[in-house]
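Colleague: What follows is final.pdb, PDB, C-alpha atoms.
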```pdb
MODEL        1
ATOM      1  CA  MET S   1     128.814 357.831 144.032
ATOM      2  CA  ALA S   2     129.004 356.876 140.587
ATOM      3  CA  ASN S   3     131.715 357.449 138.187
ATOM      4  CA  VAL S   4     132.686 360.547 139.953
ATOM      5  CA  VAL S   5     133.410 360.945 143.481
ATOM      6  CA  GLY S   6     130.849 360.156 146.009
ATOM      7  CA  LEU S   7     129.192 357.084 144.804
ATOM      8  CA  ARG S   8     127.199 355.050 147.170
ATOM      9  CA  LEU S   9     124.723 352.556 145.902
ATOM     10  CA  SER S  10     121.222 352.624 146.988
ATOM     11  CA  LEU S  11     118.107 350.602 147.556
ATOM     12  CA  PRO S  12     118.614 348.030 150.232
ATOM     13  CA  LEU S  13     116.379 345.519 148.452
ATOM     14  CA  PRO S  14     118.454 342.415 147.649
ATOM     15  CA  LEU S  15     118.220 341.211 144.082
ATOM     16  CA  PRO S  16     119.113 337.771 142.751
ATOM     17  CA  VAL S  17     122.571 337.403 141.270
ATOM     18  CA  LEU S  18     122.481 335.870 137.816
ATOM     19  CA  GLY S  19     125.770 334.061 137.498
ATOM     20  CA  SER S  20     128.537 336.613 137.420
ATOM     21  CA  VAL S  21     126.308 339.405 136.121
ATOM     22  CA  CYS S  22     126.325 342.554 138.222
ATOM     23  CA  VAL S  23     123.195 343.240 140.179
ATOM     24  CA  CYS S  24     122.643 346.902 139.570
ATOM     25  CA  TYR S  25     120.353 349.774 140.427
ATOM     26  CA  SER S  26     119.075 352.553 138.244
ATOM     27  CA  SER S  27     118.298 355.920 139.754
ATOM     28  CA  ALA S  28     114.588 355.207 139.785
ATOM     29  CA  PHE S  29     114.255 351.485 140.358
ATOM     30  CA  ALA S  30     116.161 348.272 140.957
ATOM     31  CA  THR S  31     116.937 346.086 138.005
ATOM     32  CA  THR S  32     119.325 343.375 136.915
ATOM     33  CA  LEU S  33     121.649 344.282 134.106
ATOM     34  CA  SER S  34     120.675 342.781 130.817
ATOM     35  CA  ARG S  35     123.403 341.783 128.401
ATOM     36  CA  PRO S  36     124.167 339.031 125.880
ATOM     37  CA  PRO S  37     125.324 335.754 127.409
ATOM     38  CA  THR S  38     129.039 335.695 128.125
ATOM     39  CA  LYS S  39     130.929 333.022 126.254
ATOM     40  CA  LYS S  40     132.936 330.437 128.116
ATOM     41  CA  LEU S  41     136.416 330.570 126.697
ATOM     42  CA  ASN S  42     139.357 328.195 126.885
ATOM     43  CA  TRP S  43     142.768 329.651 126.075
ATOM     44  CA  LYS S  44     145.932 327.707 125.426
ATOM     45  CA  VAL S  45     148.871 329.364 127.115
ATOM     46  CA  LYS S  46     152.369 328.412 128.175
ATOM     47  CA  GLY S  47     152.353 326.634 131.489
ATOM     48  CA  PRO S  48     149.349 324.993 133.184
ATOM     49  CA  ARG S  49     146.144 325.105 131.198
ATOM     50  CA  ARG S  50     143.310 326.859 132.957
ATOM     51  CA  MET S  51     139.702 327.436 132.017
ATOM     52  CA  VAL S  52     138.614 331.032 131.884
ATOM     53  CA  LEU S  53     134.963 331.636 132.649
ATOM     54  CA  GLY S  54     132.621 334.540 133.037
ATOM     55  CA  LEU S  55     134.813 337.155 131.407
ATOM     56  CA  GLY S  56     133.581 339.672 128.884
ATOM     57  CA  VAL S  57     134.542 338.979 125.299
ATOM     58  CA  SER S  58     135.568 342.591 124.742
ATOM     59  CA  PHE S  59     137.616 342.465 127.933
ATOM     60  CA  PHE S  60     139.476 339.365 126.821
ATOM     61  CA  SER S  61     140.054 340.566 123.285
ATOM     62  CA  HIS S  62     142.096 343.523 124.509
ATOM     63  CA  PHE S  63     144.414 341.369 126.572
ATOM     64  CA  MET S  64     144.662 338.448 124.183
ATOM     65  CA  THR S  65     145.532 340.724 121.289
ATOM     66  CA  MET S  66     148.292 342.387 123.258
ATOM     67  CA  ALA S  67     149.499 339.161 124.808
ATOM     68  CA  GLY S  68     149.797 337.553 121.401
ATOM     69  CA  ALA S  69     151.743 340.509 120.072
ATOM     70  CA  MET S  70     154.171 340.441 122.971
ATOM     71  CA  GLY S  71     154.429 336.699 123.372
ATOM     72  CA  SER S  72     153.412 336.888 127.005
ATOM     73  CA  LYS S  73     150.849 334.806 128.811
ATOM     74  CA  SER S  74     147.233 335.776 128.388
ATOM     75  CA  PHE S  75     145.290 337.963 130.765
ATOM     76  CA  MET S  76     143.184 335.490 132.695
ATOM     77  CA  ALA S  77     141.062 335.444 135.779
ATOM     78  CA  SER S  78     139.662 332.410 137.473
ATOM     79  CA  ALA S  79     136.002 333.193 137.161
ATOM     80  CA  LYS S  80     134.812 330.882 139.865
ATOM     81  CA  ILE S  81     135.213 332.850 143.046
ATOM     82  CA  THR S  82     134.031 330.690 145.915
ATOM     83  CA  GLY S  83     136.516 331.515 148.649
ATOM     84  CA  GLY S  84     139.302 333.761 149.734
ATOM     85  CA  SER S  85     142.097 331.558 148.418
ATOM     86  CA  SER S  86     141.010 331.799 144.758
ATOM     87  CA  VAL S  87     140.804 335.580 144.939
ATOM     88  CA  ASP S  88     144.124 335.813 146.744
ATOM     89  CA  GLU S  89     145.841 334.124 143.812
ATOM     90  CA  LEU S  90     144.429 336.291 141.021
ATOM     91  CA  LEU S  91     147.010 339.071 141.143
ATOM     92  CA  LYS S  92     150.043 337.219 142.456
ATOM     93  CA  ASN S  93     153.029 337.610 140.146
ATOM     94  CA  TYR S  94     150.806 338.401 137.210
ATOM     95  CA  GLU S  95     152.659 339.432 134.038
ATOM     96  CA  TRP S  96     150.804 342.502 132.839
ATOM     97  CA  PRO S  97     150.779 343.491 129.153
ATOM     98  CA  GLU S  98     153.166 346.305 128.342
ATOM     99  CA  GLN S  99     150.409 348.787 127.511
ATOM    100  CA  PHE S 100     147.109 349.596 129.200
ATOM    101  CA  PRO S 101     144.686 347.255 127.385
ATOM    102  CA  PHE S 102     141.428 349.181 127.592
ATOM    103  CA  LYS S 103     139.928 351.538 125.040
ATOM    104  CA  ASP S 104     137.996 354.762 125.491
ATOM    105  CA  GLU S 105     134.695 353.013 124.839
ATOM    106  CA  ASP S 106     135.312 350.719 127.803
ATOM    107  CA  PHE S 107     134.819 353.732 130.076
ATOM    108  CA  GLN S 108     131.595 354.938 128.523
ATOM    109  CA  ARG S 109     128.305 354.686 130.400
ATOM    110  CA  PHE S 110     124.710 354.116 129.401
ATOM    111  CA  ASP S 111     123.900 357.484 130.947
ATOM    112  CA  GLU S 112     126.389 360.156 129.912
ATOM    113  CA  THR S 113     124.430 363.074 131.340
ATOM    114  CA  PRO S 114     126.342 365.157 133.918
ATOM    115  CA  ASP S 115     126.964 363.248 137.117
ATOM    116  CA  SER S 116     126.258 366.416 139.055
ATOM    117  CA  LEU S 117     122.603 365.990 138.065
ATOM    118  CA  PHE S 118     122.531 362.342 139.073
ATOM    119  CA  TYR S 119     123.924 363.128 142.524
ATOM    120  CA  GLU S 120     122.104 366.398 143.031
ATOM    121  CA  ALA S 121     119.599 364.883 145.452
ATOM    122  CA  PRO S 122     121.050 363.263 148.599
ATOM    123  CA  ARG S 123     120.590 359.521 149.083
ATOM    124  CA  PHE S 124     120.771 358.589 152.747
ATOM    125  CA  VAL S 125     120.914 354.885 152.039
ATOM    126  CA  THR S 126     123.567 352.187 152.078
ATOM    127  CA  HIS S 127     124.616 350.478 148.885
ATOM    128  CA  ILE S 128     125.620 347.070 150.206
ATOM    129  CA  ASP S 129     123.732 344.947 152.715
ATOM    130  CA  ASP S 130     124.428 344.811 156.447
ATOM    131  CA  PRO S 131     126.609 341.656 156.423
ATOM    132  CA  ALA S 132     128.823 343.150 153.684
ATOM    133  CA  ILE S 133     129.081 346.418 155.626
ATOM    134  CA  ALA S 134     130.062 344.518 158.771
ATOM    135  CA  ALA S 135     132.723 342.588 156.849
ATOM    136  CA  LEU S 136     134.205 345.804 155.458
ATOM    137  CA  THR S 137     134.194 347.478 158.862
ATOM    138  CA  LYS S 138     135.921 344.442 160.357
ATOM    139  CA  TYR S 139     138.577 344.593 157.639
ATOM    140  CA  TYR S 140     139.176 348.285 158.301
ATOM    141  CA  SER S 141     139.583 347.553 162.013
ATOM    142  CA  LYS S 142     142.440 345.191 161.176
ATOM    143  CA  VAL S 143     144.379 347.428 158.779
ATOM    144  CA  PHE S 144     143.731 350.964 160.062
ATOM    145  CA  PRO S 145     146.099 352.509 162.588
ATOM    146  CA  PRO S 146     144.571 352.869 166.071
ATOM    147  CA  SER S 147     142.228 355.772 166.672
ATOM    148  CA  ASN S 148     143.844 359.095 167.479
ATOM    149  CA  THR S 149     147.267 358.083 166.201
ATOM    150  CA  PRO S 150     149.263 361.323 165.963
ATOM    151  CA  GLY S 151     149.795 362.590 162.426
ATOM    152  CA  VAL S 152     147.514 360.113 160.655
ATOM    153  CA  SER S 153     145.392 361.470 157.795
ATOM    154  CA  ILE S 154     142.781 359.495 155.840
ATOM    155  CA  LEU S 155     140.995 360.313 152.587
ATOM    156  CA  ASP S 156     137.643 358.645 151.947
ATOM    157  CA  MET S 157     137.280 359.052 148.199
ATOM    158  CA  CYS S 158     133.828 358.913 146.609
ATOM    159  CA  SER S 159     132.481 359.434 150.085
ATOM    160  CA  SER S 160     128.939 359.921 151.310
ATOM    161  CA  TRP S 161     127.014 360.147 154.587
ATOM    162  CA  VAL S 162     128.693 357.008 155.965
ATOM    163  CA  SER S 163     132.212 355.620 155.509
ATOM    164  CA  HIS S 164     131.842 352.233 157.249
ATOM    165  CA  PHE S 165     134.818 352.902 159.515
ATOM    166  CA  PRO S 166     134.915 351.092 162.889
ATOM    167  CA  PRO S 167     132.500 352.546 165.468
ATOM    168  CA  GLY S 168     133.972 355.555 167.218
ATOM    169  CA  TYR S 169     137.023 355.599 164.948
ATOM    170  CA  LYS S 170     138.762 358.981 164.910
ATOM    171  CA  GLN S 171     141.876 360.567 163.502
ATOM    172  CA  GLU S 172     143.071 364.137 163.513
ATOM    173  CA  ARG S 173     142.236 364.442 159.816
ATOM    174  CA  VAL S 174     139.645 362.387 157.945
ATOM    175  CA  VAL S 175     138.666 363.984 154.636
ATOM    176  CA  GLY S 176     135.648 363.033 152.552
ATOM    177  CA  LEU S 177     135.626 363.694 148.825
ATOM    178  CA  GLY S 178     132.250 363.194 147.205
ATOM    179  CA  MET S 179     129.498 364.483 144.977
ATOM    180  CA  ASN S 180     126.787 365.585 147.377
ATOM    181  CA  GLU S 181     127.496 368.160 150.087
ATOM    182  CA  GLU S 182     124.433 367.303 152.133
ATOM    183  CA  GLU S 183     125.551 363.676 152.363
ATOM    184  CA  LEU S 184     129.122 364.606 153.247
ATOM    185  CA  ASN S 185     127.996 367.036 155.910
ATOM    186  CA  ARG S 186     126.049 364.221 157.581
ATOM    187  CA  ASN S 187     129.084 361.890 157.793
ATOM    188  CA  PRO S 188     130.179 361.817 161.468
ATOM    189  CA  VAL S 189     133.672 360.454 160.871
ATOM    190  CA  LEU S 190     134.789 363.293 158.604
ATOM    191  CA  THR S 191     136.737 366.267 159.934
ATOM    192  CA  GLU S 192     136.449 368.027 156.571
ATOM    193  CA  TYR S 193     135.100 367.399 153.108
ATOM    194  CA  ALA S 194     135.200 368.632 149.525
ATOM    195  CA  VAL S 195     132.675 368.288 146.713
ATOM    196  CA  LYS S 196     134.243 367.299 143.421
ATOM    197  CA  ASP S 197     133.374 365.418 140.237
ATOM    198  CA  LEU S 198     136.411 363.299 139.401
ATOM    199  CA  ASN S 199     134.998 362.382 136.024
ATOM    200  CA  VAL S 200     135.135 366.040 135.020
ATOM    201  CA  ASN S 201     138.467 366.797 136.660
ATOM    202  CA  PRO S 202     140.427 363.919 138.242
ATOM    203  CA  LYS S 203     142.857 366.279 139.973
ATOM    204  CA  LEU S 204     142.620 365.739 143.732
ATOM    205  CA  PRO S 205     142.510 369.057 145.649
ATOM    206  CA  PHE S 206     145.246 368.126 148.103
ATOM    207  CA  GLU S 207     148.980 368.629 148.532
ATOM    208  CA  ASP S 208     151.521 365.938 147.704
ATOM    209  CA  ASN S 209     152.160 363.303 150.381
ATOM    210  CA  SER S 210     149.107 364.270 152.437
ATOM    211  CA  PHE S 211     147.457 360.976 153.398
ATOM    212  CA  ASP S 212     148.380 357.716 155.083
ATOM    213  CA  ILE S 213     145.316 355.871 153.778
ATOM    214  CA  ILE S 214     142.857 356.291 150.919
ATOM    215  CA  THR S 215     139.593 354.342 150.950
ATOM    216  CA  ASN S 216     137.048 353.928 148.184
ATOM    217  CA  VAL S 217     133.878 351.930 148.808
ATOM    218  CA  VAL S 218     131.839 350.499 145.915
ATOM    219  CA  SER S 219     132.728 353.430 143.683
ATOM    220  CA  VAL S 220     135.736 352.479 141.593
ATOM    221  CA  ASP S 221     133.366 351.180 138.908
ATOM    222  CA  TYR S 222     132.123 354.710 138.207
ATOM    223  CA  LEU S 223     135.471 356.288 137.371
ATOM    224  CA  THR S 224     135.750 357.168 133.689
ATOM    225  CA  LYS S 225     139.356 358.359 134.027
ATOM    226  CA  PRO S 226     140.679 355.730 136.440
ATOM    227  CA  LEU S 227     144.365 355.978 135.559
ATOM    228  CA  ASP S 228     144.323 359.743 136.093
ATOM    229  CA  VAL S 229     142.603 359.254 139.445
ATOM    230  CA  PHE S 230     145.003 356.513 140.553
ATOM    231  CA  LYS S 231     147.989 358.671 139.584
ATOM    232  CA  GLU S 232     146.517 361.405 141.746
ATOM    233  CA  MET S 233     146.034 358.923 144.575
ATOM    234  CA  SER S 234     149.721 358.069 144.377
ATOM    235  CA  ARG S 235     150.617 361.746 144.436
ATOM    236  CA  VAL S 236     148.623 362.593 147.556
ATOM    237  CA  LEU S 237     149.533 359.443 149.495
ATOM    238  CA  LYS S 238     152.545 359.568 151.759
ATOM    239  CA  PRO S 239     155.370 357.185 150.792
ATOM    240  CA  GLY S 240     154.251 353.752 151.906
ATOM    241  CA  GLY S 241     150.648 354.966 152.189
ATOM    242  CA  LEU S 242     147.851 352.443 151.684
ATOM    243  CA  ALA S 243     145.075 352.619 149.058
ATOM    244  CA  ILE S 244     142.107 350.301 149.686
ATOM    245  CA  MET S 245     139.574 349.760 146.901
ATOM    246  CA  SER S 246     136.514 347.765 147.990
ATOM    247  CA  PHE S 247     133.711 346.718 145.674
ATOM    248  CA  SER S 248     130.753 344.413 145.291
ATOM    249  CA  ASN S 249     128.469 343.445 142.429
ATOM    250  CA  ARG S 250     126.024 346.257 143.185
ATOM    251  CA  CYS S 251     125.939 349.467 141.193
ATOM    252  CA  PHE S 252     123.898 352.126 139.470
ATOM    253  CA  TRP S 253     124.279 350.356 136.149
ATOM    254  CA  THR S 254     123.479 353.415 134.031
ATOM    255  CA  LYS S 255     126.482 355.197 135.560
ATOM    256  CA  ALA S 256     128.960 352.312 135.820
ATOM    257  CA  ILE S 257     131.551 351.980 133.068
ATOM    258  CA  SER S 258     130.825 349.437 130.348
ATOM    259  CA  ILE S 259     133.868 347.252 131.024
ATOM    260  CA  TRP S 260     132.546 346.753 134.562
ATOM    261  CA  THR S 261     128.921 346.001 133.728
ATOM    262  CA  SER S 262     129.921 343.503 131.025
ATOM    263  CA  THR S 263     132.212 341.430 133.241
ATOM    264  CA  GLY S 264     132.102 339.480 136.487
ATOM    265  CA  ASP S 265     133.623 339.538 139.958
ATOM    266  CA  ALA S 266     136.954 337.957 139.043
ATOM    267  CA  ASP S 267     137.348 340.375 136.164
ATOM    268  CA  HIS S 268     136.670 343.299 138.481
ATOM    269  CA  VAL S 269     139.575 342.227 140.672
ATOM    270  CA  MET S 270     141.857 342.245 137.646
ATOM    271  CA  ILE S 271     140.500 345.562 136.364
ATOM    272  CA  VAL S 272     141.225 347.304 139.662
ATOM    273  CA  GLY S 273     144.617 345.624 139.846
ATOM    274  CA  SER S 274     145.388 346.967 136.387
ATOM    275  CA  TYR S 275     144.618 350.513 137.540
ATOM    276  CA  PHE S 276     147.250 350.256 140.261
ATOM    277  CA  HIS S 277     149.761 348.721 137.866
ATOM    278  CA  TYR S 278     149.398 351.105 134.938
ATOM    279  CA  ALA S 279     149.032 354.265 137.016
ATOM    280  CA  GLY S 280     152.539 353.784 138.361
ATOM    281  CA  GLY S 281     153.867 354.866 141.729
ATOM    282  CA  PHE S 282     152.402 351.860 143.547
ATOM    283  CA  GLU S 283     153.857 348.572 144.672
ATOM    284  CA  PRO S 284     152.841 345.701 142.376
ATOM    285  CA  PRO S 285     149.209 344.862 143.207
ATOM    286  CA  GLN S 286     149.780 341.350 144.520
ATOM    287  CA  VAL S 287     146.847 340.828 146.824
ATOM    288  CA  ALA S 288     143.086 340.727 146.436
ATOM    289  CA  VAL S 289     140.925 339.746 149.379
ATOM    290  CA  ASP S 290     137.490 338.156 149.368
ATOM    291  CA  ILE S 291     135.743 339.363 152.524
ATOM    292  CA  SER S 292     132.299 338.200 151.414
ATOM    293  CA  PRO S 293     130.546 337.245 154.653
ATOM    294  CA  ASN S 294     127.956 334.766 153.357
ATOM    295  CA  PRO S 295     128.742 333.705 149.767
ATOM    296  CA  GLY S 296     125.537 333.277 147.831
ATOM    297  CA  ARG S 297     123.385 334.621 150.660
ATOM    298  CA  SER S 298     124.489 338.248 150.973
ATOM    299  CA  ASP S 299     126.351 340.828 148.934
ATOM    300  CA  PRO S 300     129.864 339.790 147.947
ATOM    301  CA  MET S 301     132.731 342.092 148.954
ATOM    302  CA  TYR S 302     136.219 342.218 147.481
ATOM    303  CA  ILE S 303     139.239 344.338 148.243
ATOM    304  CA  VAL S 304     142.222 345.162 146.070
ATOM    305  CA  TYR S 305     144.880 347.246 147.754
ATOM    306  CA  SER S 306     148.386 348.526 147.196
ATOM    307  CA  ARG S 307     150.882 350.875 148.813
ATOM    308  CA  LYS S 308     152.606 353.873 147.356
ATOM    309  CA  LEU S 309     156.220 353.112 146.637
ATOM    310  CA  SER S 310     158.422 354.319 149.461
ATOM    311  CA  THR S 311     160.697 355.998 146.909
ATOM    312  CA  ALA S 312     157.888 357.562 144.843
TER
ENDMDL
END
```
Could I get this structure in the form of structure tokens?

Modeller:
Amino acid sequence: MANVVGLRLSLPLPLPVLGSVCVCYSSAFATTLSRPPTKKLNWKVKGPRRMVLGLGVSFFSHFMTMAGAMGSKSFMASAKITGGSSVDELLKNYEWPEQFPFKDEDFQRFDETPDSLFYEAPRFVTHIDDPAIAALTKYYSKVFPPSNTPGVSILDMCSSWVSHFPPGYKQERVVGLGMNEEELNRNPVLTEYAVKDLNVNPKLPFEDNSFDIITNVVSVDYLTKPLDVFKEMSRVLKPGGLAIMSFSNRCFWTKAISIWTSTGDADHVMIVGSYFHYAGGFEPPQVAVDISPNPGRSDPMYIVYSRKLSTA
């Protein structure tokens, strides 16, 4: 669900990926996002020199301006993502700028009409292809606690009619938070659900320390108040609880935030990592995972995760 809760991309038709440009869907038809060519930039920084590719100029200007003012290393992402190892290194020991580097306009969308209208009609479709879904399900099977573990509660944020959990997976409490009630009611893994637009009100309707795990599938790119949402995620997670943000290069481009549609996959890893960092209450976001099953032949899939601080 886009930019609110309950995103789930649609139209299973695969589209060609043009470099690092997002392949996106409008509400009526599939289309590739059109934007000016991204410049290839080389930045001189202290330490090893690295080439920075595929990053939005606006995106870089925020970080370079702040980095120059603070004398810290520049915000960089290795734009060539061809395997898990390169993604794994993106967030490790990164020195974040002191202040959140994005501006209000970075969270604007092409379509600013109410998201409740966009999600009014149910979409019983999947938003990533079958290999990407299988890769995500496999990842969940490795990190989730076993089915029917006493006391375990999971929140699937921006949920829909399917959560991509392992087949037959069950817990005493699995909550879906999304934008369309008909979709949520169809989701077999959920024990309860709530309809809420997080872009109108990012307050999560749950008590403190409620959940062991929060998942969000291909929806983080729709959040217009991401720091508020991530602060709420920290509040409702139990100490040590795990937040898993998974994303691809597929989206409803009219509803995705501008900083997302103007940048590439490596940048998206850093953007999500910055949400965890600047929201506070989470362990430093050190790890990103590339679970793309068939690079170049199916939808890419990336995961950025962090845990709530045990003392938060």

Colleague: What does the distance between atom CA of Glu283 of chain S and atom CA of Met245 of chain S come to in Å, to one decimal place?

Modeller: 14.5 Å

Colleague: Could you write out as a PDB file with C-alpha atoms, in the frame of the given file the residues that the PyMOL selection byres ((chain S and resi 307) around 7) matches in the shown file?

Modeller:
```pdb
ATOM      1  CA  GLY S 240     154.251 353.752 151.906  1.00  0.00           C
ATOM      2  CA  GLY S 241     150.648 354.966 152.189  1.00  0.00           C
ATOM      3  CA  LEU S 242     147.851 352.443 151.684  1.00  0.00           C
ATOM      4  CA  ALA S 243     145.075 352.619 149.058  1.00  0.00           C
ATOM      5  CA  PHE S 282     152.402 351.860 143.547  1.00  0.00           C
ATOM      6  CA  GLU S 283     153.857 348.572 144.672  1.00  0.00           C
ATOM      7  CA  SER S 306     148.386 348.526 147.196  1.00  0.00           C
ATOM      8  CA  LYS S 308     152.606 353.873 147.356  1.00  0.00           C
ATOM      9  CA  LEU S 309     156.220 353.112 146.637  1.00  0.00           C
TER      10      LEU S 309
END
```

Colleague: For segment 168-172 of chain S, list every protein, DNA or RNA residue within 8 Å, evaluated using only C-alpha atoms, and leave out those in the same chain fewer than 6 positions away; present the list as a list in words.

Modeller: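 What passes the distance filter is Ser147, Asn148, Thr149, Pro150, Gly151, Val152, Ser153, Ile154, Val189 and Thr191 of chain S.
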
Colleague: Carefully work through the PyMOL selection byres ((chain S and resi 101-114) around 8) for this structure and note down the residues it includes, as a PyMOL selection string.

Modeller: chain S and resi 59+62-63+66+97+99-100+115-118+223-225+253-259

Colleague: Suppose you want the space between atom CA of Asn216 of chain S and atom CA of Tyr278 of chain S; what is it in Å?

Modeller: 18.3 Å

Colleague: Could you tell me which residues the PyMOL selection byres ((chain S and resi 162) around 8) returns for this structure, as a PyMOL selection string?

Modeller: chain S and resi 159-161+163-164+186-189

Colleague: Taking C-alpha atoms for each residue, export the selection above as a PDB file, keeping the file's coordinate frame.

Modeller:
```pdb
ATOM      1  CA  SER S 159     132.481 359.434 150.085  1.00  0.00           C
ATOM      2  CA  SER S 160     128.939 359.921 151.310  1.00  0.00           C
ATOM      3  CA  TRP S 161     127.014 360.147 154.587  1.00  0.00           C
ATOM      4  CA  SER S 163     132.212 355.620 155.509  1.00  0.00           C
ATOM      5  CA  HIS S 164     131.842 352.233 157.249  1.00  0.00           C
ATOM      6  CA  ARG S 186     126.049 364.221 157.581  1.00  0.00           C
ATOM      7  CA  ASN S 187     129.084 361.890 157.793  1.00  0.00           C
ATOM      8  CA  PRO S 188     130.179 361.817 161.468  1.00  0.00           C
ATOM      9  CA  VAL S 189     133.672 360.454 160.871  1.00  0.00           C
TER      10      VAL S 189
END
```

Colleague: Of the residues S:Val174, S:Ala279, S:Met157, S:Val218, which is the one nearest to Ala132 of chain S, using all atoms listed in the file?

Modeller: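 Of the candidates, the smallest distance to Ala132 of chain S is held by S:Val218.
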
Colleague: Enter the distance from atom CA of Val195 of chain S to atom CA of Cys158 of chain S, in Å, rounded to one decimal.

Modeller: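 One can read the atom CA of Val195 of chain S to atom CA of Cys158 of chain S distance as 9.4 Å.
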
Colleague: Padding of 5 Å on every side, edges along x, y and z, all listed atoms of segment 284-300 of chain S included: what centre and edge lengths in Å, to one decimal, does that box have, as lines of an AutoDock Vina configuration file?

Modeller:
```
center_x = 138.1
center_y = 339.5
center_z = 148.5
size_x = 39.5
size_y = 22.4
size_z = 22.3
```

Colleague: For Ser210 of chain S, which of S:Leu198, S:Met233, S:Ile291, S:Leu190 is the closest residue, counting all atoms listed in the file?

Modeller: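 Selected residue with least distance to Ser210 of chain S: S:Met233.
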
Colleague: If we count all atoms listed in the file and set the cut-off at 10 Å, which residues sit around segment 91-93 of chain S, ignoring sequence neighbours fewer than 6 positions away in its own chain? Please answer as a list in words.

Modeller: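 Result of the neighbour search: Met76, Ala77, Val269, Met270, Gly273, Ser274, Pro284, Pro285, Gln286, Val287, Ala288 and Val304 of chain S.
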
Colleague: What would the file look like if the residues just selected were written as a PDB file, in the coordinates of the input with C-alpha atoms?

Modeller:
```
ATOM      1  CA  MET S  76     143.184 335.490 132.695  1.00  0.00           C
ATOM      2  CA  ALA S  77     141.062 335.444 135.779  1.00  0.00           C
ATOM      3  CA  VAL S 269     139.575 342.227 140.672  1.00  0.00           C
ATOM      4  CA  MET S 270     141.857 342.245 137.646  1.00  0.00           C
ATOM      5  CA  GLY S 273     144.617 345.624 139.846  1.00  0.00           C
ATOM      6  CA  SER S 274     145.388 346.967 136.387  1.00  0.00           C
ATOM      7  CA  PRO S 284     152.841 345.701 142.376  1.00  0.00           C
ATOM      8  CA  PRO S 285     149.209 344.862 143.207  1.00  0.00           C
ATOM      9  CA  GLN S 286     149.780 341.350 144.520  1.00  0.00           C
ATOM     10  CA  VAL S 287     146.847 340.828 146.824  1.00  0.00           C
ATOM     11  CA  ALA S 288     143.086 340.727 146.436  1.00  0.00           C
ATOM     12  CA  VAL S 304     142.222 345.162 146.070  1.00  0.00           C
TER      13      VAL S 304
END
```

Colleague: Pick from S:Asn199, S:Val272, S:Ser248, S:Glu98: nearest to Pro295 of chain S, with only C-alpha atoms counted?

Modeller: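 The closest residue to Pro295 of chain S is S:Ser248.
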
Colleague: Please identify all polymer residues within 10 Å of Ala121 of chain S, counting all atoms listed in the file, omitting same-chain residues fewer than 6 positions from it, and present them as a ChimeraX atom specification.

Modeller: /S:179-183
